[in-house]
Amino acid sequence: MPPDTLGQHGPPVDAAPLGEEEAEDLLRGICFKTGPPRTVGVELEWLVHDREHPEALVPEDRLRAAADAVRATPLDAALTFEPGGQLELSSQPKGSLMECVDATAADLAAVRDTLGRSGLTLAGIGVDPWNPPRRLLREPRYDAMEAALDRSGSAGRAMMCTSASVQVCLDAGEEEPGPLGYGRRWQLGHLLGAVLVAAFANSPFRQGRRTGWQSTRQALWADLDPARTLAPQGRLDPRDAWAAHVLATPLMCVRNAEGPWDVPEALTFRDWIRGGGPRPPVRADLDYHLTTLFPPVRPRGHLELRMIDAQSGTDGWLVPLAVTTALFDDPEAAETVYRTVKPLAETAGLPPAPRNPLWTAAARDGLRDPELAAAAAACFTAALEALPRMGASGHVLGTVAAFHERYVARGRCPADDLPDPAQEPHGKGLVR
């Protein structure tokens, strides 16, 4: 979620109104850009905590000073701050897994060093285990987002202000069918995605209490909004399914050049095109609407996989990045993992992710679910075999293998290692 900048507060006054057929054509054309998979990127969200007392709410002025210091640090990645003060690094698209790992590791080292001088640290946990939501960014986008999401309950504020994730970005895939075809990769994302939720679940606590979910973050996303976080329904071609889904999803807001943004209720983008809004929509409005949809797999020309909890430790983030990239981009691994996860479609049933039985089990039980545990074991084996073919370093291989041995091979996930915050008076055991 990028911060608001000048020029985003309303469409150009001389822009032509957008027609329905034009919108459908744009969506089919811009959201799945096909070709041989070549690039990879990662978006890392982190909670920012006091190094000595991570359970304590960091004062707003201290967070802002630290944010200014980090902004002054030369980085390869794009840097943003989320509404609750979470820090996000979005890598540039890289030509290989190792290019992405090396650039991101260098950026993280610089950010950690800068924050460390202020006595702060990056915490890789899917949901803040201690503090309630506190919104620091007072901008039209987030005012409108809060108002829209509040209609569905409290999950929206918790997501905006207390959650953190690892988001892996991969090319959409080839036009032709096969292991690397965009249709196969789209289907794979929605089945393998549940396995990734379970294997990397890392948020069993919220506001000092166990929630009953191994990934409370994923549970919050599923509870967030009746339509905004869902995958497209049906068995249509991915381009047709996504175009129909985008136009049928209610608007989060209508941007205004001045004053607060409008927050219409139950007005879809298609309704807006047909004359239901305060003014005719233009291309810029469609582009913005796309940024307000949060499905588990979001097509943005490339595929953005959004279902993975933030990971603890210095190198925890690179495990989901390496495993996911290997399973999607190595042809042999992609074929193996597709055969592995295809039977999970029966468990998922007809409801779209993440509101189906498969995804619910993944978020609630992690790898305690035997079906997901078996799938995760097969997927990690395939990834470990593929990573040397992709040029992964010994460090990456060792880190993935250590995660596999500690968690996946034993039917466990990182949430199983997190101590109860009620039994950690200073919370250091939760920040590793």
# chains A, B, ... in the order shown; residues from 1 in each chain; ligands from 1
call {"tool": "residues_around", "arguments": {"residues": "Ile273 (chain A)", "least_positions_apart": "3", "cutoff": "8 Å", "atoms": "only C-alpha atoms", "output": "count of residues only"}}
result
9
call {"tool": "select_by_dssp", "arguments": {"residues": "region 48-216 of chain A", "states": "strand (DSSP E)", "output": "list in words"}}
result
Val48, His49, Asp50, Ala78, Leu79, Thr80, Phe81, Leu87, Glu88, Leu89, Ser90, Leu120, Thr121, Leu122, Ala123, Ser165, Val166, Gln167, Val168, Cys169, Leu170, Asp171, Phe205, Arg206, Arg209 and Arg210 of chain A
call {"tool": "select_by_dssp", "arguments": {"residues": "region 233-323 of chain A", "states": "helix (DSSP H, G or I)", "output": "ChimeraX atom specification"}}
result
/A:238-248,269-276,283-290,318-323
call {"tool": "closest_atom_pairs", "arguments": {"of": "region 190-280 of chain A", "to": "region 48-70 of chain A", "cutoff": "12 Å", "atoms": "only C-alpha atoms", "output": "tab-separated table"}}
result
residue	atom	partner	partner_atom	distance
A:Arg206	CA	A:Glu55	CA	11.6
A:Gln207	CA	A:Glu55	CA	10.0
A:Gly208	CA	A:Glu55	CA	9.3
call {"tool": "write_last_selection", "arguments": {"atoms": "C-alpha atoms", "output": "mmCIF file, in the first residue's frame"}}
result
data_model
loop_
_atom_site.group_PDB
_atom_site.id
_atom_site.type_symbol
_atom_site.label_atom_id
_atom_site.label_comp_id
_atom_site.auth_asym_id
_atom_site.auth_seq_id
_atom_site.Cartn_x
_atom_site.Cartn_y
_atom_site.Cartn_z
ATOM 1 C CA ARG A 206 -2.870 -10.865 19.203
ATOM 2 C CA GLN A 207 -3.113 -8.274 21.978
ATOM 3 C CA GLY A 208 -1.405 -10.596 24.449
#
call {"tool": "atom_distance", "arguments": {"atom1": "CA of Glu174 (chain A)", "atom2": "CA of Lys342 (chain A)"}}
result
19.8 Å
call {"tool": "residues_around", "arguments": {"residues": "Ala227 (chain A)", "least_positions_apart": "6", "cutoff": "10 Å", "atoms": "only C-alpha atoms", "output": "list of chain:residue names"}}
result
A:His245, A:Ala248, A:Thr249, A:Pro250, A:Leu293, A:Phe294, A:Pro295
